[in-house]
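First comes the structure, then the notes that go with it.
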Amino acid sequence: MAPSSKGYSCKCPTGILLQKDQKTCSKGMNNFLIVAQRTDVRKVSLDVPYTADVVLRINNINNIIALDVDTQGEKIYWSDTGREKIQRSNLDGSRVENVITKGLGSVDFLAVDSTGRKLYWTDDQRKCIEVSELDGTSRKVLVWSNLDSPRAIALHYEPG
């Protein structure tokens, strides 16, 4: 608290919104973007009227190329081409886990199917599109012929 005309002023941590009572901070960021910048992952708050980002504490990142979020499971998934892995963590960067550690070339894009609980990715070096369960099990190659440089993938959800 700092002196003001009211006698005090409350402030919250970076990116966290001060509640309407002007005394209580939100429990965390409610609306945010998660962005990879090759060697770090940042959470950018959309709750506050200023630009605020927080670097998540994820160790041993080399070269993140692709990133997506499982909104249902509250996990971040990314491919690190420098480490040749697909990994995941909680939204705050804690509890990093390996998802896929073998048989990857250059994973340029990945997509999380939060509804069907699947992970899809493109591999430019191996020229294929693959799928697995979110924990990396039941891995399958979906498309492997007539692909030159698969670099992006999008999921189409049917209404209902």
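Each chain in the structure tokens gets a letter, A, B and so on, in the order shown; residues start at 1 in every chain, and ligands are counted from 1 in the order they appear.
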
Legend entry - All residues 10 Å or closer to Asp80 of chain A, only C-alpha atoms, same chain fewer than 4 positions away omitted, as an NGL selection string: :A and (38-39 or 60-67 or 84-87 or 106-108)

Given the selection you just returned, output its residues as a file containing N, CA, C and O atoms, formatted as a PDB file, in the first residue's frame.
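Saved to result02.pdb:
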```pdb
ATOM      1  N   ARG A  38      10.724 -19.059 -29.019  1.00  0.00           N
ATOM      2  CA  ARG A  38      11.832 -19.987 -29.221  1.00  0.00           C
ATOM      3  C   ARG A  38      12.456 -20.503 -27.918  1.00  0.00           C
ATOM      4  O   ARG A  38      12.499 -21.676 -27.695  1.00  0.00           O
ATOM      5  N   THR A  39      12.943 -19.632 -27.052  1.00  0.00           N
ATOM      6  CA  THR A  39      13.623 -20.092 -25.839  1.00  0.00           C
ATOM      7  C   THR A  39      12.826 -19.851 -24.563  1.00  0.00           C
ATOM      8  O   THR A  39      13.317 -20.137 -23.476  1.00  0.00           O
ATOM      9  N   ASN A  60      15.215 -25.806 -19.664  1.00  0.00           N
ATOM     10  CA  ASN A  60      15.766 -26.614 -20.757  1.00  0.00           C
ATOM     11  C   ASN A  60      14.995 -26.486 -22.062  1.00  0.00           C
ATOM     12  O   ASN A  60      14.836 -27.459 -22.790  1.00  0.00           O
ATOM     13  N   ILE A  61      14.530 -25.295 -22.374  1.00  0.00           N
ATOM     14  CA  ILE A  61      13.911 -25.046 -23.673  1.00  0.00           C
ATOM     15  C   ILE A  61      15.011 -24.647 -24.635  1.00  0.00           C
ATOM     16  O   ILE A  61      15.848 -23.809 -24.319  1.00  0.00           O
ATOM     17  N   ASN A  62      14.985 -25.235 -25.825  1.00  0.00           N
ATOM     18  CA  ASN A  62      16.023 -24.958 -26.807  1.00  0.00           C
ATOM     19  C   ASN A  62      15.475 -24.164 -27.990  1.00  0.00           C
ATOM     20  O   ASN A  62      16.005 -23.121 -28.333  1.00  0.00           O
ATOM     21  N   ASN A  63      14.400 -24.664 -28.632  1.00  0.00           N
ATOM     22  CA  ASN A  63      13.877 -24.015 -29.834  1.00  0.00           C
ATOM     23  C   ASN A  63      12.419 -24.407 -30.050  1.00  0.00           C
ATOM     24  O   ASN A  63      12.128 -25.267 -30.867  1.00  0.00           O
ATOM     25  N   ILE A  64      11.513 -23.753 -29.335  1.00  0.00           N
ATOM     26  CA  ILE A  64      10.095 -24.056 -29.488  1.00  0.00           C
ATOM     27  C   ILE A  64       9.608 -23.498 -30.823  1.00  0.00           C
ATOM     28  O   ILE A  64       9.797 -22.324 -31.119  1.00  0.00           O
ATOM     29  N   ILE A  65       9.000 -24.362 -31.614  1.00  0.00           N
ATOM     30  CA  ILE A  65       8.464 -23.966 -32.917  1.00  0.00           C
ATOM     31  C   ILE A  65       6.941 -23.961 -32.883  1.00  0.00           C
ATOM     32  O   ILE A  65       6.310 -23.060 -33.403  1.00  0.00           O
ATOM     33  N   ALA A  66       6.326 -24.967 -32.299  1.00  0.00           N
ATOM     34  CA  ALA A  66       4.869 -25.091 -32.287  1.00  0.00           C
ATOM     35  C   ALA A  66       4.366 -25.141 -30.847  1.00  0.00           C
ATOM     36  O   ALA A  66       5.040 -25.689 -29.966  1.00  0.00           O
ATOM     37  N   LEU A  67       3.172 -24.574 -30.630  1.00  0.00           N
ATOM     38  CA  LEU A  67       2.590 -24.549 -29.298  1.00  0.00           C
ATOM     39  C   LEU A  67       1.077 -24.526 -29.417  1.00  0.00           C
ATOM     40  O   LEU A  67       0.532 -23.889 -30.312  1.00  0.00           O
ATOM     41  N   GLU A  84      14.210 -32.236 -30.056  1.00  0.00           N
ATOM     42  CA  GLU A  84      13.480 -33.292 -30.770  1.00  0.00           C
ATOM     43  C   GLU A  84      12.466 -33.995 -29.874  1.00  0.00           C
ATOM     44  O   GLU A  84      12.443 -35.222 -29.757  1.00  0.00           O
ATOM     45  N   LYS A  85      11.614 -33.166 -29.243  1.00  0.00           N
ATOM     46  CA  LYS A  85      10.599 -33.670 -28.323  1.00  0.00           C
ATOM     47  C   LYS A  85       9.313 -32.881 -28.472  1.00  0.00           C
ATOM     48  O   LYS A  85       9.324 -31.731 -28.882  1.00  0.00           O
ATOM     49  N   ILE A  86       8.219 -33.522 -28.079  1.00  0.00           N
ATOM     50  CA  ILE A  86       6.971 -32.829 -27.802  1.00  0.00           C
ATOM     51  C   ILE A  86       6.780 -32.953 -26.296  1.00  0.00           C
ATOM     52  O   ILE A  86       6.869 -34.059 -25.743  1.00  0.00           O
ATOM     53  N   GLN A  87       6.548 -31.812 -25.645  1.00  0.00           N
ATOM     54  CA  GLN A  87       6.398 -31.801 -24.195  1.00  0.00           C
ATOM     55  C   GLN A  87       5.121 -31.065 -23.810  1.00  0.00           C
ATOM     56  O   GLN A  87       4.485 -30.423 -24.648  1.00  0.00           O
ATOM     57  N   SER A 106      11.166 -32.793 -37.705  1.00  0.00           N
ATOM     58  CA  SER A 106      10.982 -31.367 -37.456  1.00  0.00           C
ATOM     59  C   SER A 106       9.483 -31.099 -37.297  1.00  0.00           C
ATOM     60  O   SER A 106       8.769 -30.948 -38.278  1.00  0.00           O
ATOM     61  N   VAL A 107       9.021 -31.056 -36.067  1.00  0.00           N
ATOM     62  CA  VAL A 107       7.604 -30.811 -35.787  1.00  0.00           C
ATOM     63  C   VAL A 107       7.367 -29.308 -35.881  1.00  0.00           C
ATOM     64  O   VAL A 107       7.708 -28.555 -34.987  1.00  0.00           O
ATOM     65  N   ASP A 108       6.790 -28.892 -37.027  1.00  0.00           N
ATOM     66  CA  ASP A 108       6.589 -27.469 -37.287  1.00  0.00           C
ATOM     67  C   ASP A 108       5.259 -26.949 -36.784  1.00  0.00           C
ATOM     68  O   ASP A 108       5.065 -25.747 -36.676  1.00  0.00           O
TER      69      ASP A 108
END
```

Inset, instruction - Find the residues near Leu142 of chain A: any atom within 7 Å, counting only C-alpha atoms, skip ones fewer than 3 places away on the same chain, and give them as a list in words. - result: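 What passes the distance filter is Ile129, Glu130 and Val131 of chain A.
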
Selection from above, all heavy atoms, as a short mmCIF file (atom, residue, chain, number, x, y, z; two decimals), in the first residue's frame, can you write it?
```cif
data_model
loop_
_atom_site.label_atom_id
_atom_site.label_comp_id
_atom_site.auth_asym_id
_atom_site.auth_seq_id
_atom_site.Cartn_x
_atom_site.Cartn_y
_atom_site.Cartn_z
N ILE A 129 1.85 -36.45 -41.26
CA ILE A 129 0.99 -35.91 -40.21
C ILE A 129 0.67 -37.07 -39.28
O ILE A 129 0.28 -38.15 -39.73
CB ILE A 129 -0.30 -35.31 -40.80
CG1 ILE A 129 0.04 -34.15 -41.73
CG2 ILE A 129 -1.24 -34.86 -39.68
CD1 ILE A 129 -1.14 -33.60 -42.50
N GLU A 130 0.87 -36.84 -37.98
CA GLU A 130 0.67 -37.90 -36.99
C GLU A 130 -0.35 -37.50 -35.94
O GLU A 130 -0.68 -36.32 -35.80
CB GLU A 130 1.99 -38.25 -36.31
CG GLU A 130 3.02 -38.83 -37.25
CD GLU A 130 4.23 -39.39 -36.52
OE1 GLU A 130 4.04 -40.29 -35.67
OE2 GLU A 130 5.34 -38.93 -36.80
N VAL A 131 -0.80 -38.50 -35.18
CA VAL A 131 -1.76 -38.29 -34.10
C VAL A 131 -1.39 -39.22 -32.95
O VAL A 131 -0.83 -40.30 -33.17
CB VAL A 131 -3.21 -38.55 -34.56
CG1 VAL A 131 -3.42 -39.99 -34.98
CG2 VAL A 131 -4.22 -38.15 -33.49
#
```

Give me, as a PDB file with all heavy atoms, in the first residue's frame, all polymer residues having an atom no more than 10 Å from segment 5-14 of chain A, counting only C-alpha atoms and skipping those fewer than 4 positions away in the same chain.
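Output contents, as saved in result-v9.pdb:
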```pdb
ATOM      1  N   MET A   1       0.839  -1.178   0.000  1.00  0.00           N
ATOM      2  CA  MET A   1       0.000   0.000   0.000  1.00  0.00           C
ATOM      3  C   MET A   1       0.888   1.246   0.000  1.00  0.00           C
ATOM      4  O   MET A   1       1.914   1.273   0.645  1.00  0.00           O
ATOM      5  CB  MET A   1      -0.897   0.015   1.222  1.00  0.00           C
ATOM      6  CG  MET A   1      -1.930  -1.061   1.222  1.00  0.00           C
ATOM      7  SD  MET A   1      -3.109  -0.730   2.509  1.00  0.00           S
ATOM      8  CE  MET A   1      -3.915  -2.294   2.564  1.00  0.00           C
ATOM      9  N   LEU A  18      -7.169  -5.937 -10.441  1.00  0.00           N
ATOM     10  CA  LEU A  18      -7.678  -5.528  -9.146  1.00  0.00           C
ATOM     11  C   LEU A  18      -9.200  -5.566  -9.211  1.00  0.00           C
ATOM     12  O   LEU A  18      -9.806  -5.033 -10.143  1.00  0.00           O
ATOM     13  CB  LEU A  18      -7.187  -4.103  -8.816  1.00  0.00           C
ATOM     14  CG  LEU A  18      -7.547  -3.528  -7.445  1.00  0.00           C
ATOM     15  CD1 LEU A  18      -6.916  -4.365  -6.326  1.00  0.00           C
ATOM     16  CD2 LEU A  18      -7.080  -2.084  -7.357  1.00  0.00           C
ATOM     17  N   GLN A  19      -9.828  -6.215  -8.254  1.00  0.00           N
ATOM     18  CA  GLN A  19     -11.284  -6.369  -8.240  1.00  0.00           C
ATOM     19  C   GLN A  19     -11.975  -5.019  -8.019  1.00  0.00           C
ATOM     20  O   GLN A  19     -11.348  -4.041  -7.637  1.00  0.00           O
ATOM     21  CB  GLN A  19     -11.700  -7.361  -7.140  1.00  0.00           C
ATOM     22  CG  GLN A  19     -11.177  -8.762  -7.341  1.00  0.00           C
ATOM     23  CD  GLN A  19     -11.800  -9.435  -8.546  1.00  0.00           C
ATOM     24  OE1 GLN A  19     -12.974  -9.279  -8.836  1.00  0.00           O
ATOM     25  NE2 GLN A  19     -10.989 -10.197  -9.259  1.00  0.00           N
ATOM     26  N   GLN A  22     -11.525  -2.653  -5.099  1.00  0.00           N
ATOM     27  CA  GLN A  22     -10.250  -1.926  -5.063  1.00  0.00           C
ATOM     28  C   GLN A  22      -9.328  -2.364  -3.923  1.00  0.00           C
ATOM     29  O   GLN A  22      -8.405  -1.660  -3.555  1.00  0.00           O
ATOM     30  CB  GLN A  22     -10.484  -0.402  -4.985  1.00  0.00           C
ATOM     31  CG  GLN A  22     -11.191   0.169  -6.202  1.00  0.00           C
ATOM     32  CD  GLN A  22     -10.373   0.015  -7.478  1.00  0.00           C
ATOM     33  OE1 GLN A  22      -9.252   0.472  -7.559  1.00  0.00           O
ATOM     34  NE2 GLN A  22     -10.937  -0.664  -8.468  1.00  0.00           N
ATOM     35  N   LYS A  23      -9.590  -3.577  -3.386  1.00  0.00           N
ATOM     36  CA  LYS A  23      -8.767  -4.109  -2.291  1.00  0.00           C
ATOM     37  C   LYS A  23      -8.277  -5.522  -2.570  1.00  0.00           C
ATOM     38  O   LYS A  23      -7.306  -5.966  -1.980  1.00  0.00           O
ATOM     39  CB  LYS A  23      -9.578  -4.135  -0.982  1.00  0.00           C
ATOM     40  CG  LYS A  23      -9.988  -2.791  -0.482  1.00  0.00           C
ATOM     41  CD  LYS A  23     -10.819  -2.943   0.783  1.00  0.00           C
ATOM     42  CE  LYS A  23     -11.328  -1.597   1.247  1.00  0.00           C
ATOM     43  NZ  LYS A  23     -12.196  -1.701   2.403  1.00  0.00           N
ATOM     44  N   THR A  24      -8.973  -6.246  -3.453  1.00  0.00           N
ATOM     45  CA  THR A  24      -8.699  -7.667  -3.676  1.00  0.00           C
ATOM     46  C   THR A  24      -8.209  -7.907  -5.098  1.00  0.00           C
ATOM     47  O   THR A  24      -8.771  -7.366  -6.049  1.00  0.00           O
ATOM     48  CB  THR A  24      -9.989  -8.490  -3.454  1.00  0.00           C
ATOM     49  OG1 THR A  24     -10.576  -8.119  -2.209  1.00  0.00           O
ATOM     50  CG2 THR A  24      -9.700  -9.979  -3.461  1.00  0.00           C
ATOM     51  N   CYS A  25      -7.181  -8.740  -5.235  1.00  0.00           N
ATOM     52  CA  CYS A  25      -6.670  -9.119  -6.555  1.00  0.00           C
ATOM     53  C   CYS A  25      -7.368 -10.394  -7.027  1.00  0.00           C
ATOM     54  O   CYS A  25      -7.753 -11.237  -6.211  1.00  0.00           O
ATOM     55  CB  CYS A  25      -5.170  -9.396  -6.492  1.00  0.00           C
ATOM     56  SG  CYS A  25      -4.189  -7.941  -6.073  1.00  0.00           S
ATOM     57  N   SER A  26      -7.528 -10.527  -8.346  1.00  0.00           N
ATOM     58  CA  SER A  26      -8.037 -11.778  -8.911  1.00  0.00           C
ATOM     59  C   SER A  26      -7.069 -12.897  -8.549  1.00  0.00           C
ATOM     60  O   SER A  26      -5.894 -12.652  -8.269  1.00  0.00           O
ATOM     61  CB  SER A  26      -8.139 -11.681 -10.433  1.00  0.00           C
ATOM     62  OG  SER A  26      -9.082 -10.720 -10.803  1.00  0.00           O
ATOM     63  N   GLY A  28      -5.780 -15.044 -10.481  1.00  0.00           N
ATOM     64  CA  GLY A  28      -4.806 -15.216 -11.557  1.00  0.00           C
ATOM     65  C   GLY A  28      -5.347 -14.558 -12.808  1.00  0.00           C
ATOM     66  O   GLY A  28      -6.365 -13.875 -12.775  1.00  0.00           O
ATOM     67  N   MET A  29      -4.642 -14.761 -13.926  1.00  0.00           N
ATOM     68  CA  MET A  29      -5.123 -14.224 -15.198  1.00  0.00           C
ATOM     69  C   MET A  29      -6.329 -15.041 -15.645  1.00  0.00           C
ATOM     70  O   MET A  29      -6.260 -16.266 -15.689  1.00  0.00           O
ATOM     71  CB  MET A  29      -4.028 -14.310 -16.261  1.00  0.00           C
ATOM     72  CG  MET A  29      -2.859 -13.423 -16.025  1.00  0.00           C
ATOM     73  SD  MET A  29      -1.672 -13.634 -17.370  1.00  0.00           S
ATOM     74  CE  MET A  29      -0.207 -12.948 -16.617  1.00  0.00           C
ATOM     75  N   VAL A  44       0.501 -13.813 -21.636  1.00  0.00           N
ATOM     76  CA  VAL A  44       0.201 -12.401 -21.834  1.00  0.00           C
ATOM     77  C   VAL A  44      -1.217 -12.131 -21.350  1.00  0.00           C
ATOM     78  O   VAL A  44      -2.175 -12.704 -21.869  1.00  0.00           O
ATOM     79  CB  VAL A  44       0.334 -12.013 -23.327  1.00  0.00           C
ATOM     80  CG1 VAL A  44       0.050 -10.530 -23.518  1.00  0.00           C
ATOM     81  CG2 VAL A  44       1.715 -12.382 -23.869  1.00  0.00           C
ATOM     82  N   SER A  45      -1.347 -11.265 -20.371  1.00  0.00           N
ATOM     83  CA  SER A  45      -2.659 -10.959 -19.787  1.00  0.00           C
ATOM     84  C   SER A  45      -3.496 -10.099 -20.722  1.00  0.00           C
ATOM     85  O   SER A  45      -3.016  -9.122 -21.291  1.00  0.00           O
ATOM     86  CB  SER A  45      -2.487 -10.231 -18.453  1.00  0.00           C
ATOM     87  OG  SER A  45      -3.754  -9.912 -17.905  1.00  0.00           O
ATOM     88  N   VAL A  48      -5.906  -6.797 -18.147  1.00  0.00           N
ATOM     89  CA  VAL A  48      -5.504  -5.453 -17.717  1.00  0.00           C
ATOM     90  C   VAL A  48      -5.394  -4.524 -18.926  1.00  0.00           C
ATOM     91  O   VAL A  48      -5.171  -4.982 -20.044  1.00  0.00           O
ATOM     92  CB  VAL A  48      -4.178  -5.513 -16.932  1.00  0.00           C
ATOM     93  CG1 VAL A  48      -4.373  -6.263 -15.619  1.00  0.00           C
ATOM     94  CG2 VAL A  48      -3.078  -6.149 -17.758  1.00  0.00           C
ATOM     95  N   TYR A  50      -3.106  -2.656 -19.939  1.00  0.00           N
ATOM     96  CA  TYR A  50      -1.727  -2.405 -20.352  1.00  0.00           C
ATOM     97  C   TYR A  50      -1.112  -3.728 -20.790  1.00  0.00           C
ATOM     98  O   TYR A  50      -1.646  -4.789 -20.499  1.00  0.00           O
ATOM     99  CB  TYR A  50      -0.924  -1.774 -19.212  1.00  0.00           C
ATOM    100  CG  TYR A  50      -0.957  -2.565 -17.924  1.00  0.00           C
ATOM    101  CD1 TYR A  50      -0.028  -3.575 -17.682  1.00  0.00           C
ATOM    102  CD2 TYR A  50      -1.930  -2.332 -16.962  1.00  0.00           C
ATOM    103  CE1 TYR A  50      -0.066  -4.325 -16.504  1.00  0.00           C
ATOM    104  CE2 TYR A  50      -1.978  -3.066 -15.785  1.00  0.00           C
ATOM    105  CZ  TYR A  50      -1.038  -4.052 -15.567  1.00  0.00           C
ATOM    106  OH  TYR A  50      -1.079  -4.794 -14.412  1.00  0.00           O
ATOM    107  N   THR A  51      -0.015  -3.671 -21.493  1.00  0.00           N
ATOM    108  CA  THR A  51       0.653  -4.885 -21.938  1.00  0.00           C
ATOM    109  C   THR A  51       1.411  -5.494 -20.767  1.00  0.00           C
ATOM    110  O   THR A  51       2.256  -4.827 -20.156  1.00  0.00           O
ATOM    111  CB  THR A  51       1.639  -4.586 -23.088  1.00  0.00           C
ATOM    112  OG1 THR A  51       0.906  -3.999 -24.150  1.00  0.00           O
ATOM    113  CG2 THR A  51       2.310  -5.853 -23.567  1.00  0.00           C
ATOM    114  N   ALA A  52       1.072  -6.732 -20.455  1.00  0.00           N
ATOM    115  CA  ALA A  52       1.722  -7.410 -19.335  1.00  0.00           C
ATOM    116  C   ALA A  52       1.939  -8.865 -19.696  1.00  0.00           C
ATOM    117  O   ALA A  52       0.989  -9.569 -20.034  1.00  0.00           O
ATOM    118  CB  ALA A  52       0.856  -7.312 -18.081  1.00  0.00           C
ATOM    119  N   ASP A  53       3.190  -9.290 -19.651  1.00  0.00           N
ATOM    120  CA  ASP A  53       3.460 -10.703 -19.890  1.00  0.00           C
ATOM    121  C   ASP A  53       4.382 -11.234 -18.800  1.00  0.00           C
ATOM    122  O   ASP A  53       5.153 -10.496 -18.203  1.00  0.00           O
ATOM    123  CB  ASP A  53       4.043 -10.944 -21.288  1.00  0.00           C
ATOM    124  CG  ASP A  53       5.442 -10.381 -21.461  1.00  0.00           C
ATOM    125  OD1 ASP A  53       5.784  -9.403 -20.784  1.00  0.00           O
ATOM    126  OD2 ASP A  53       6.193 -10.921 -22.277  1.00  0.00           O
ATOM    127  N   VAL A  54       4.217 -12.510 -18.541  1.00  0.00           N
ATOM    128  CA  VAL A  54       4.996 -13.187 -17.517  1.00  0.00           C
ATOM    129  C   VAL A  54       5.675 -14.385 -18.175  1.00  0.00           C
ATOM    130  O   VAL A  54       5.016 -15.174 -18.851  1.00  0.00           O
ATOM    131  CB  VAL A  54       4.074 -13.663 -16.359  1.00  0.00           C
ATOM    132  CG1 VAL A  54       4.860 -14.456 -15.336  1.00  0.00           C
ATOM    133  CG2 VAL A  54       3.367 -12.480 -15.720  1.00  0.00           C
TER     134      VAL A  54
END
```

Legend entry - Contact residues around segment 55-59 of chain A with only C-alpha atoms at 10 Å, ignoring same-chain residues under 3 positions, as a list in words: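 That gives Ile34, Val35, Ala36, Thr39, Asp40, Val41, Arg42, Lys43, Val44, Asn62, Ser89, Leu91, Asp92, Gly93, Ser94, Arg95 and Val96 of chain A.
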
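You can rank A:Lys102, A:Arg88, A:Arg83, A:Arg151 by their closest distance to Trp121 of chain A using only C-alpha atoms, and at the top of that list sits A:Arg151.
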
Inset, instruction - Write out as a list of chain:residue names which residues come within 10 Å of Tyr120 of chain A when counting only C-alpha atoms, dropping same-chain ones fewer than 6 positions away. - result: A:Phe109, A:Leu110, A:Ala111, A:Val112, A:Asp113, A:Ile129, A:Glu130, A:Val131, A:Ser132, A:Glu133, A:Leu134, A:Arg139, A:Lys140, A:Val141, A:Leu142, A:Ile153, A:Ala154, A:Leu155

Generate the output file for the selected residues, N, CA and C atoms, as a compact mmCIF listing (two decimals), in the first residue's frame.
```
# COMPACT_ATOMS: atom_id res chain seq x y z
N PHE A 109 4.31 -27.83 -36.52
CA PHE A 109 3.02 -27.39 -36.02
C PHE A 109 2.36 -28.52 -35.26
N LEU A 110 1.61 -28.17 -34.23
CA LEU A 110 0.80 -29.17 -33.53
C LEU A 110 -0.52 -28.56 -33.15
N ALA A 111 -1.51 -29.42 -32.97
CA ALA A 111 -2.86 -28.99 -32.61
C ALA A 111 -3.42 -29.95 -31.57
N VAL A 112 -3.98 -29.38 -30.52
CA VAL A 112 -4.61 -30.17 -29.47
C VAL A 112 -6.11 -30.24 -29.74
N ASP A 113 -6.64 -31.44 -29.74
CA ASP A 113 -8.08 -31.65 -29.84
C ASP A 113 -8.59 -31.83 -28.41
N ILE A 129 1.85 -36.45 -41.26
CA ILE A 129 0.99 -35.91 -40.21
C ILE A 129 0.67 -37.07 -39.28
N GLU A 130 0.87 -36.84 -37.98
CA GLU A 130 0.67 -37.90 -36.99
C GLU A 130 -0.35 -37.50 -35.94
N VAL A 131 -0.80 -38.50 -35.18
CA VAL A 131 -1.76 -38.29 -34.10
C VAL A 131 -1.39 -39.22 -32.95
N SER A 132 -1.71 -38.80 -31.74
CA SER A 132 -1.57 -39.67 -30.56
C SER A 132 -2.60 -39.24 -29.53
N GLU A 133 -2.70 -40.03 -28.48
CA GLU A 133 -3.46 -39.58 -27.31
C GLU A 133 -2.66 -38.42 -26.70
N LEU A 134 -3.27 -37.65 -25.84
CA LEU A 134 -2.58 -36.49 -25.26
C LEU A 134 -1.37 -36.87 -24.43
N ARG A 139 0.25 -43.76 -30.81
CA ARG A 139 0.75 -42.90 -31.89
C ARG A 139 0.53 -43.56 -33.25
N LYS A 140 0.03 -42.77 -34.22
CA LYS A 140 -0.22 -43.28 -35.57
C LYS A 140 0.13 -42.22 -36.60
N VAL A 141 0.62 -42.67 -37.76
CA VAL A 141 0.82 -41.78 -38.90
C VAL A 141 -0.49 -41.75 -39.67
N LEU A 142 -1.05 -40.54 -39.86
CA LEU A 142 -2.32 -40.39 -40.57
C LEU A 142 -2.12 -40.21 -42.07
N ILE A 153 -1.54 -27.29 -39.47
CA ILE A 153 -2.69 -28.17 -39.37
C ILE A 153 -3.77 -27.44 -38.58
N ALA A 154 -5.02 -27.64 -38.94
CA ALA A 154 -6.13 -27.05 -38.22
C ALA A 154 -7.19 -28.12 -38.02
N LEU A 155 -7.86 -28.06 -36.89
CA LEU A 155 -8.93 -29.00 -36.59
C LEU A 155 -10.26 -28.34 -36.91
```

Inset, instruction - Enumerate, as an MDAnalysis selection string, the complete set of residues in segment 73-130 of chain A that a backbone-based DSSP assignment places in strand (DSSP E or B). - result: chainID A and resid 75:80 85:90 97:100 107:113 118:123 128:130
